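> You'll find protein_21.cif just under this line, and it carries mmCIF, C-alpha atoms.
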```cif
data_data
loop_
_atom_site.label_atom_id
_atom_site.label_comp_id
_atom_site.auth_asym_id
_atom_site.auth_seq_id
_atom_site.Cartn_x
_atom_site.Cartn_y
_atom_site.Cartn_z
CA MET A 278 11.25 -14.18 38.11
CA SER A 279 12.56 -13.39 34.61
CA LEU A 280 10.07 -15.85 33.13
CA TYR A 281 7.25 -14.15 35.04
CA ARG A 282 8.36 -10.68 33.96
CA ASN A 283 8.70 -11.67 30.31
CA ALA A 284 5.32 -13.42 30.23
CA VAL A 285 3.46 -10.54 31.87
CA TRP A 286 5.25 -8.03 29.67
CA PHE A 287 4.46 -9.87 26.45
CA LEU A 288 0.77 -10.14 27.31
CA LYS A 289 0.73 -6.45 28.12
CA GLY A 290 2.48 -5.68 24.86
CA TRP A 291 0.08 -7.82 22.84
CA GLN A 292 -2.79 -5.72 24.19
CA GLU A 293 -1.21 -2.27 24.31
CA TYR A 294 1.94 -1.97 22.20
CA THR A 295 0.56 -3.12 18.83
CA LYS A 296 -1.23 -1.04 16.20
CA GLY A 297 -4.49 -2.29 17.72
CA GLY A 298 -3.41 -0.87 21.07
CA TYR A 299 -2.64 2.44 19.41
CA GLN A 300 -6.00 2.54 17.66
CA VAL A 301 -7.79 2.03 20.97
CA ALA A 302 -5.70 4.61 22.83
CA SER A 303 -5.85 7.22 20.07
CA LYS A 304 -9.64 7.44 20.40
CA ASN A 305 -8.96 9.52 23.52
CA PHE A 306 -6.40 11.84 21.90
CA ALA A 307 -7.24 15.52 21.56
CA GLN A 308 -6.01 16.20 18.03
CA THR A 309 -5.94 19.94 18.73
CA ASP A 310 -3.01 19.25 21.10
CA LEU A 311 -0.78 19.13 18.03
CA ASP A 312 -2.13 22.34 16.48
CA VAL A 313 1.06 24.13 17.42
CA ASP A 314 3.20 26.71 15.63
CA CYS A 315 6.82 25.73 16.28
CA SER A 316 8.31 28.75 14.49
CA GLY A 317 11.18 30.35 16.38
CA ARG A 318 11.83 27.24 18.45
CA ILE A 319 14.91 25.04 18.16
CA TYR A 320 14.68 21.25 18.36
CA MET A 321 17.46 18.68 18.44
CA ILE A 322 16.72 15.04 17.60
CA THR A 323 19.27 12.24 17.71
CA GLY A 324 18.90 9.35 15.28
CA ALA A 325 16.72 11.52 13.05
CA ASN A 326 17.54 9.90 9.71
CA SER A 327 14.98 7.07 9.93
CA GLY A 328 12.17 5.52 11.94
CA ILE A 329 10.80 7.30 15.01
CA GLY A 330 13.42 10.06 14.91
CA LYS A 331 12.75 11.00 11.32
CA CYS A 332 8.99 11.09 11.95
CA VAL A 333 9.48 13.41 14.94
CA ALA A 334 11.78 15.66 12.91
CA GLN A 335 9.31 15.88 10.04
CA GLU A 336 6.32 16.66 12.28
CA ILE A 337 8.24 19.49 13.93
CA ALA A 338 9.55 20.83 10.63
CA GLN A 339 6.00 20.73 9.26
CA ARG A 340 5.02 23.13 12.04
CA GLY A 341 7.85 25.56 11.31
CA GLY A 342 10.39 24.50 13.92
CA THR A 343 14.14 24.68 13.39
CA VAL A 344 15.39 21.09 13.46
CA HIS A 345 18.91 19.87 14.19
CA MET A 346 19.31 16.24 13.14
CA LEU A 347 22.09 14.30 14.86
CA CYS A 348 22.94 11.23 12.77
CA ARG A 349 25.78 8.73 12.46
CA ASN A 350 25.56 8.01 8.73
CA PRO A 351 26.27 11.03 6.47
CA GLN A 352 24.56 9.64 3.37
CA SER A 353 21.28 8.60 5.00
CA ALA A 354 21.27 11.79 7.07
CA GLU A 355 21.53 14.04 4.03
CA THR A 356 18.87 12.04 2.21
CA ALA A 357 16.50 12.28 5.17
CA LYS A 358 17.15 16.01 5.57
CA ASN A 359 16.34 16.65 1.92
CA GLU A 360 13.18 14.55 2.13
CA ILE A 361 12.02 16.40 5.25
CA SER A 362 12.76 19.85 3.81
CA GLU A 363 10.98 19.02 0.57
CA ALA A 364 7.94 17.51 2.31
CA THR A 365 7.55 20.41 4.76
CA ASN A 366 8.88 23.35 2.68
CA ASN A 367 11.11 24.11 5.67
CA GLN A 368 14.76 24.90 4.96
CA ASN A 369 15.67 25.29 8.63
CA VAL A 370 16.67 21.63 8.91
CA TYR A 371 20.32 20.94 9.70
CA VAL A 372 22.43 17.79 9.83
CA HIS A 373 25.22 17.11 12.33
CA ILE A 374 27.22 13.90 11.96
CA LEU A 375 27.74 12.33 15.38
CA ASP A 376 28.24 8.79 16.68
CA MET A 377 26.56 8.64 20.08
CA SER A 378 28.79 5.71 21.11
CA GLN A 379 31.88 7.99 21.08
CA PRO A 380 31.79 10.08 24.26
CA ARG A 381 34.62 12.42 23.30
CA SER A 382 32.82 13.29 20.06
CA VAL A 383 29.55 13.84 21.93
CA PHE A 384 31.32 16.09 24.41
CA LYS A 385 32.97 18.12 21.63
CA PHE A 386 29.73 18.52 19.67
CA ALA A 387 27.69 19.62 22.70
CA LYS A 388 30.21 22.27 23.71
CA GLU A 389 30.40 23.62 20.14
CA PHE A 390 26.62 23.69 19.76
CA GLU A 391 26.16 25.61 23.00
CA ALA A 392 28.80 28.14 21.92
CA GLN A 393 27.29 28.65 18.47
CA ASN A 394 23.56 28.77 19.33
CA GLU A 395 21.71 31.15 21.59
CA LYS A 396 19.39 28.47 23.01
CA LEU A 397 17.88 25.03 22.61
CA ASP A 398 14.17 24.54 23.28
CA VAL A 399 13.76 20.77 23.06
CA LEU A 400 16.18 17.84 23.07
CA VAL A 401 14.84 14.48 21.89
CA ASN A 402 17.18 11.61 22.73
CA ASN A 403 16.10 9.00 20.22
CA ALA A 404 19.24 7.37 18.77
CA GLY A 405 19.88 3.84 19.96
CA CYS A 406 21.16 0.43 19.04
CA MET A 407 20.74 -3.23 19.90
CA VAL A 408 23.99 -5.07 19.26
CA ASN A 409 23.57 -8.80 19.79
CA SER A 410 27.20 -9.54 20.59
CA ARG A 411 29.33 -7.90 23.25
CA GLU A 412 31.52 -5.33 21.50
CA VAL A 413 33.98 -3.19 23.45
CA ASP A 414 35.83 -0.15 22.10
CA VAL A 415 39.38 0.97 22.83
CA ASP A 416 38.17 2.81 25.95
CA GLY A 417 36.55 -0.33 27.34
CA LEU A 418 33.01 0.86 26.65
CA GLU A 419 30.45 -1.75 25.64
CA ARG A 420 28.66 -0.50 22.52
CA ASN A 421 25.04 -0.78 23.68
CA PHE A 422 25.80 1.05 26.93
CA ALA A 423 27.89 3.70 25.19
CA THR A 424 25.20 4.43 22.59
CA ASN A 425 22.01 4.06 24.61
CA THR A 426 23.04 5.38 28.02
CA LEU A 427 26.36 7.18 28.29
CA GLY A 428 26.07 9.14 25.03
CA PRO A 429 22.60 10.55 25.83
CA HIS A 430 23.71 11.31 29.39
CA ILE A 431 26.70 13.36 28.22
CA LEU A 432 24.73 15.15 25.50
CA THR A 433 21.89 15.99 27.88
CA LYS A 434 24.07 17.20 30.74
CA LEU A 435 26.15 19.45 28.50
CA LEU A 436 23.15 20.98 26.73
CA ILE A 437 21.28 21.91 29.92
CA PRO A 438 22.73 25.46 29.95
CA ALA A 439 21.43 26.01 26.40
CA LEU A 440 18.06 24.51 27.33
CA LYS A 441 17.74 26.80 30.34
CA LYS A 442 17.80 29.77 27.98
CA SER A 443 14.43 28.62 26.60
CA ASP A 444 11.14 29.74 28.12
CA LYS A 445 9.75 26.17 27.96
CA PRO A 446 12.72 23.78 27.91
CA ARG A 447 12.04 20.07 27.42
CA ILE A 448 14.21 16.95 27.42
CA LEU A 449 12.70 13.76 26.06
CA MET A 450 13.96 10.19 26.01
CA VAL A 451 12.62 7.67 23.52
CA SER A 452 12.89 4.62 25.73
CA SER A 453 11.05 1.30 25.55
CA GLY A 454 8.52 -0.75 27.44
CA GLY A 455 11.15 -3.47 27.30
CA MET A 456 12.70 -1.83 30.36
CA LEU A 457 9.83 -3.25 32.42
CA VAL A 458 11.52 -6.67 32.48
CA GLN A 459 14.73 -5.25 33.96
CA LYS A 460 15.81 -3.98 37.37
CA LEU A 461 18.60 -1.41 37.35
CA ASN A 462 21.99 -3.07 37.66
CA ALA A 463 24.49 -0.31 38.26
CA GLU A 464 27.16 -2.83 39.24
CA ASP A 465 27.60 -4.17 35.70
CA LEU A 466 27.16 -1.25 33.30
CA GLN A 467 29.43 -2.86 30.69
CA PHE A 468 27.70 -6.29 30.89
CA GLU A 469 30.95 -7.99 31.84
CA LYS A 470 29.07 -10.43 34.07
CA MET A 471 26.26 -11.20 31.62
CA ALA A 472 26.84 -14.79 30.52
CA PRO A 473 25.83 -15.61 27.93
CA PHE A 474 25.55 -12.10 26.54
CA ASP A 475 22.01 -11.25 25.46
CA GLY A 476 21.64 -8.15 23.30
CA THR A 477 17.90 -7.89 23.93
CA MET A 478 18.36 -7.92 27.71
CA ALA A 479 21.28 -5.48 27.46
CA TYR A 480 19.03 -3.15 25.46
CA SER A 481 16.25 -3.51 28.03
CA GLN A 482 18.70 -2.70 30.83
CA ASN A 483 19.81 0.42 28.94
CA LYS A 484 16.18 1.44 28.56
CA ARG A 485 15.66 1.07 32.32
CA GLN A 486 18.73 3.25 32.81
CA GLN A 487 17.29 5.90 30.50
CA VAL A 488 14.06 6.12 32.48
CA ILE A 489 15.98 6.48 35.75
CA MET A 490 18.16 9.18 34.15
CA MET A 491 15.03 11.20 33.36
CA GLU A 492 13.64 10.74 36.87
CA CYS A 493 16.88 11.88 38.49
CA LEU A 494 17.37 14.84 36.15
CA ALA A 495 13.79 15.94 36.80
CA ARG A 496 14.55 16.17 40.50
CA GLU A 497 17.82 18.00 39.81
CA HIS A 498 16.35 20.49 37.32
CA PRO A 499 12.76 21.38 38.27
CA ASP A 500 12.76 24.23 35.74
CA ILE A 501 13.00 21.79 32.81
CA PHE A 502 10.23 19.42 31.70
CA LEU A 503 11.63 15.92 31.31
CA ALA A 504 9.88 12.78 30.12
CA ALA A 505 10.63 9.31 28.84
CA MET A 506 8.27 7.52 26.48
CA HIS A 507 7.55 4.13 24.95
CA PRO A 508 6.67 4.21 21.22
CA GLY A 509 5.07 0.79 21.28
CA TRP A 510 6.06 -1.99 18.90
CA ALA A 511 6.65 -0.05 15.70
CA ASP A 512 7.79 -1.07 12.23
CA THR A 513 11.13 0.71 11.92
CA PRO A 514 14.42 -0.13 10.20
CA ALA A 515 15.98 -0.68 13.64
CA VAL A 516 13.40 -3.30 14.60
CA ARG A 517 13.77 -5.09 11.28
CA SER A 518 17.56 -5.26 11.53
CA ALA A 519 18.08 -5.87 15.26
CA MET A 520 15.08 -8.12 15.92
CA PRO A 521 14.37 -10.01 12.67
CA ASP A 522 12.62 -12.95 14.36
CA PHE A 523 10.35 -10.64 16.36
CA TYR A 524 9.63 -8.63 13.23
CA GLN A 525 8.64 -11.71 11.24
CA ARG A 526 6.29 -12.91 13.98
CA MET A 527 4.72 -9.52 14.67
CA LYS A 528 4.95 -7.57 11.41
CA ASP A 529 1.20 -7.61 10.80
CA ARG A 530 0.57 -6.16 14.26
CA LEU A 531 3.29 -3.53 14.41
CA ARG A 532 2.49 0.16 14.58
CA THR A 533 3.64 2.45 11.82
CA ALA A 534 6.66 4.60 12.61
CA GLU A 535 4.32 7.62 12.63
CA GLN A 536 2.10 6.00 15.26
CA GLY A 537 5.17 5.14 17.30
CA ALA A 538 6.39 8.73 17.10
CA ASP A 539 3.08 10.33 18.09
CA THR A 540 3.71 10.53 21.84
CA ALA A 541 7.24 11.89 21.32
CA VAL A 542 5.83 14.64 19.09
CA TRP A 543 3.09 15.36 21.64
CA LEU A 544 5.64 15.61 24.46
CA ALA A 545 7.90 17.83 22.36
CA ILE A 546 5.38 20.45 21.23
CA SER A 547 2.05 20.35 23.05
CA ASP A 548 1.12 22.60 25.96
CA THR A 549 -1.08 19.80 27.31
CA ALA A 550 1.98 17.64 27.95
CA LEU A 551 3.40 20.31 30.26
CA LYS A 552 0.43 19.91 32.60
CA ASN A 553 1.97 16.62 33.75
CA PRO A 554 4.67 16.41 36.41
CA SER A 555 8.22 16.20 35.12
CA GLY A 556 10.13 12.91 35.06
CA LEU A 557 7.30 10.53 34.14
CA PHE A 558 7.18 7.66 31.63
CA PHE A 559 4.57 7.99 28.87
CA GLN A 560 2.77 5.65 26.53
CA ASP A 561 0.15 6.88 24.07
CA ARG A 562 0.09 10.41 25.55
CA SER A 563 -0.52 9.19 29.11
CA PRO A 564 1.84 8.60 32.02
CA VAL A 565 2.12 4.91 32.87
CA PRO A 566 3.81 2.90 35.66
CA THR A 567 7.50 2.13 35.33
CA HIS A 568 7.21 -1.29 36.96
CA LEU A 569 5.14 -4.41 36.39
CA PRO A 570 3.14 -5.68 39.38
CA LEU A 571 5.06 -8.08 41.64
CA ALA A 572 8.11 -7.94 39.37
CA TRP A 573 10.63 -6.78 42.00
CA THR A 574 12.27 -4.26 39.68
CA LYS A 575 12.16 -1.19 41.93
CA THR A 576 15.29 0.47 43.28
CA THR A 577 15.77 3.13 45.94
CA LYS A 578 16.53 6.77 45.20
CA ASP A 579 19.98 6.23 46.72
CA GLN A 580 20.65 3.39 44.29
CA ASP A 581 19.46 5.52 41.40
CA GLU A 582 21.68 8.41 42.45
CA GLN A 583 24.66 6.06 42.74
CA PHE A 584 24.02 5.07 39.12
CA ILE A 585 23.97 8.73 38.06
CA THR A 586 27.22 9.29 39.98
CA ARG A 587 28.85 6.53 37.95
CA LEU A 588 27.67 8.14 34.72
CA ASN A 589 29.04 11.50 35.85
CA GLU A 590 32.38 9.89 36.64
CA LEU A 591 32.52 8.54 33.09
CA LEU A 592 31.53 11.98 31.75
CA ASP A 593 34.46 13.52 33.59
CA LYS A 594 36.79 10.85 32.21
CA PHE A 595 36.01 11.82 28.61
CA LYS A 596 36.08 15.60 28.96
CA ASP A 597 39.45 15.95 27.28
#
```
The structure given in the file should be rewritten as structure tokens.

Amino acid sequence: MSLYRNAVWFLKGWQEYTKGGYQVASKNFAQTDLDVDCSGRIYMITGANSGIGKCVAQEIAQRGGTVHMLCRNPQSAETAKNEISEATNNQNVYVHILDMSQPRSVFKFAKEFEAQNEKLDVLVNNAGCMVNSREVDVDGLERNFATNTLGPHILTKLLIPALKKSDKPRILMVSSGGMLVQKLNAEDLQFEKMAPFDGTMAYSQNKRQQVIMMECLAREHPDIFLAAMHPGWADTPAVRSAMPDFYQRMKDRLRTAEQGADTAVWLAISDTALKNPSGLFFQDRSPVPTHLPLAWTKTTKDQDEQFITRLNELLDKFKD
């Protein structure tokens, strides 16, 4: 079954996820969708110092939005902030140093941000990692899971009160089409049973988890617009470092980071995006299925809710 899933997914990606796929899809974009004044609105973007996140931050800053960049590396974060402010002539760009793999730090930041800011209009969960060896911290958290799933879950849950003070609150998840090859496995969140450990498959499992998180939160909070999205195969620093073999094979076909970020920007600012139901998975400004045909990757709502319950149990563990 995994061979079938991977083969079907790669063929799909070859047609749709490359820069050629973007060029075909973008012919149907309404460019006026992005003619938006973001002044007076507050946006938070994780992993905003490079790649997709930086492109999203710059597009929003260009339109006058207040941007809060959540980054792990202080030096690259400050450099990116200065570049964005200079390019957009927008000084309302702020850096917060935060490692999404450290749940106590995420919890502390979210509580402080809510206390110090009157609202948050849009949260873009973009930060992620693909670690190709199984690394566990002192709390027993596997690094991919902590960064890609638990960190965004804690940040999102704790910022919902601030988001609900907005007139058009949105929560976005930059996920990946790689999740199509994975079925949710809530019984092995830390990949203890994965032998041998495969960083690419762990990442894909995390991306499946992210999509299910958005679906469940959409049902729980109907007054917030939630969406996950796939940026396609884009040329970003993360792809170059985490997937060097893939990058070398595909570099001539990869999308630019700007092309990869387009749908995230569209979901974050356009009124057209809000005409869609909440909780969907988007690719090139359109909702797309979350499962490949005949791939046996679907789970029940009860199974999905059990997964969310496990995340909430971990959230409670790291409150203090």
> With a distance cut-off of 10 Å and only C-alpha atoms, select the neighbouring residues of Val451 of chain A, excluding the residue or stretch itself and same-chain residues fewer than 5 positions from it, and output the selection as a VMD selection string.
chain A and resid 323 329 to 330 401 to 405 484 487 to 488 504 to 508 538 540 to 541 558 to 559
> Please report the interatomic distance between atom CA of Pro446 of chain A and atom CA of Met377 of chain A in Å with one decimal.
22.0 Å
> What is the atom CA of Asp579 of chain A-atom CA of Met490 of chain A distance in Å, reported with one decimal?
13.0 Å
> Would you list the contacts of segment 464-475 of chain A as a PyMOL selection string, taking every protein, DNA or RNA residue within 12 Å and counting all atoms listed in the file, but skipping same-chain residues closer than 2 positions in sequence?
chain A and resi 407-414+416-427+460-462+477-483+485-486+580-581+583-585+587-588+591
> If the PyMOL selection byres ((chain A and resi 361) around 12) were run on this exact file, what residues would it hold? Put them as a VMD selection string.
chain A and resid 325 to 327 330 to 346 354 to 360 362 to 372
> Store the residues of this selection in a file with C-alpha atoms, as a compact mmCIF listing (two decimals), in the coordinates of the input.

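This is the output file selection10.txt:
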```txt
# COMPACT_ATOMS: atom_id res chain seq x y z
CA ALA A 325 16.72 11.52 13.05
CA ASN A 326 17.54 9.90 9.71
CA SER A 327 14.98 7.07 9.93
CA GLY A 330 13.42 10.06 14.91
CA LYS A 331 12.75 11.00 11.32
CA CYS A 332 8.99 11.09 11.95
CA VAL A 333 9.48 13.41 14.94
CA ALA A 334 11.78 15.66 12.91
CA GLN A 335 9.31 15.88 10.04
CA GLU A 336 6.32 16.66 12.28
CA ILE A 337 8.24 19.49 13.93
CA ALA A 338 9.55 20.83 10.63
CA GLN A 339 6.00 20.73 9.26
CA ARG A 340 5.02 23.13 12.04
CA GLY A 341 7.85 25.56 11.31
CA GLY A 342 10.39 24.50 13.92
CA THR A 343 14.14 24.68 13.39
CA VAL A 344 15.39 21.09 13.46
CA HIS A 345 18.91 19.87 14.19
CA MET A 346 19.31 16.24 13.14
CA ALA A 354 21.27 11.79 7.07
CA GLU A 355 21.53 14.04 4.03
CA THR A 356 18.87 12.04 2.21
CA ALA A 357 16.50 12.28 5.17
CA LYS A 358 17.15 16.01 5.57
CA ASN A 359 16.34 16.65 1.92
CA GLU A 360 13.18 14.55 2.13
CA SER A 362 12.76 19.85 3.81
CA GLU A 363 10.98 19.02 0.57
CA ALA A 364 7.94 17.51 2.31
CA THR A 365 7.55 20.41 4.76
CA ASN A 366 8.88 23.35 2.68
CA ASN A 367 11.11 24.11 5.67
CA GLN A 368 14.76 24.90 4.96
CA ASN A 369 15.67 25.29 8.63
CA VAL A 370 16.67 21.63 8.91
CA TYR A 371 20.32 20.94 9.70
CA VAL A 372 22.43 17.79 9.83
```
> Go through A:Ser378, A:Asn350, A:Ser443, A:Asn283 one by one, measure the shortest atom-to-atom distance of each to Arg318 of chain A using all atoms listed in the file, and give the residue with the smallest value.
A:Ser443
> Step by step, work through what the PyMOL selection byres ((chain A and resi 391-399) around 8) selects in the shown file, and finish by giving those residues as a ChimeraX atom specification.
/A:318-321,387-390,400-401,436,438-449,545
> Could you name the residues that touch Ala495 of chain A at 10 Å or less, counting all atoms listed in the file, but leaving out those on the same chain fewer than 5 positions away, as a ChimeraX atom specification?
/A:448,489-490,500-504,554-557
> May I have the residues within 10 Å of Tyr294 of chain A as a ChimeraX atom specification, using all atoms listed in the file and disregarding those fewer than 2 positions away in the same chain?
/A:287-292,296-299,454,507-511,530-532,537,560-561
> If I take atom CA of Val542 of chain A and atom CA of Ser452 of chain A, how far is one from the other in Å, to one decimal?
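These two atoms are separated by 13.9 Å.
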> Please work out which residues fall within 9 Å of (31.7, 11.6, 25.0), coordinates as given in the file, with all atoms listed in the file counting, and return them as a CSV table (one decimal) with C-alpha atoms, in the frame of the given file.

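Result file follows (result_27.csv):
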```
chain,number,residue,atom,x,y,z
A,377,MET,CA,26.6,8.6,20.1
A,378,SER,CA,28.8,5.7,21.1
A,379,GLN,CA,31.9,8.0,21.1
A,380,PRO,CA,31.8,10.1,24.3
A,381,ARG,CA,34.6,12.4,23.3
A,382,SER,CA,32.8,13.3,20.1
A,383,VAL,CA,29.6,13.8,21.9
A,384,PHE,CA,31.3,16.1,24.4
A,385,LYS,CA,33.0,18.1,21.6
A,386,PHE,CA,29.7,18.5,19.7
A,423,ALA,CA,27.9,3.7,25.2
A,427,LEU,CA,26.4,7.2,28.3
A,428,GLY,CA,26.1,9.1,25.0
A,431,ILE,CA,26.7,13.4,28.2
A,432,LEU,CA,24.7,15.2,25.5
A,591,LEU,CA,32.5,8.5,33.1
A,592,LEU,CA,31.5,12.0,31.8
A,594,LYS,CA,36.8,10.8,32.2
A,595,PHE,CA,36.0,11.8,28.6
A,596,LYS,CA,36.1,15.6,29.0
```
> Taking into account all atoms listed in the file, which residue in the set A:Asn553, A:Val415, A:Lys434, A:Gly317 is nearest to Cys493 of chain A?
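Using all atoms listed in the file, the shortest distance to Cys493 of chain A belongs to A:Lys434.
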> Which residues, named as in the file, does the PyMOL selection byres ((chain A and resi 302-309) around 10) pick out? Answer as number ranges by chain.
A: 293, 296-301, 310-313, 536, 539, 543, 547, 549, 560-563
> Select, from A:Thr576, A:Cys406, A:Asp314, A:Asp529, the residue with the minimum atom-to-atom distance to Gln459 of chain A, counting only C-alpha atoms.
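The closest residue to Gln459 of chain A is A:Thr576.
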> So, with all atoms listed in the file as the atoms that count, which of A:Cys315, A:Ala534, A:Val458, A:Ile437 lies closest to Ser279 of chain A?
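Counting all atoms listed in the file, the residue closest to Ser279 of chain A is A:Val458.
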> Identify which of the residues A:Leu280, A:Ala515, A:Val285, A:Leu494 lies closest to Thr586 of chain A, counting all atoms listed in the file when measuring atom-to-atom distances.
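When distances to Thr586 of chain A are compared using all atoms listed in the file, the smallest one comes from A:Leu494.
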> For Leu347 of chain A, which residue among A:His568, A:His373, A:His498, A:Arg526 is the nearest when counting all atoms listed in the file?
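That would be A:His373, the residue with the smallest distance to Leu347 of chain A.
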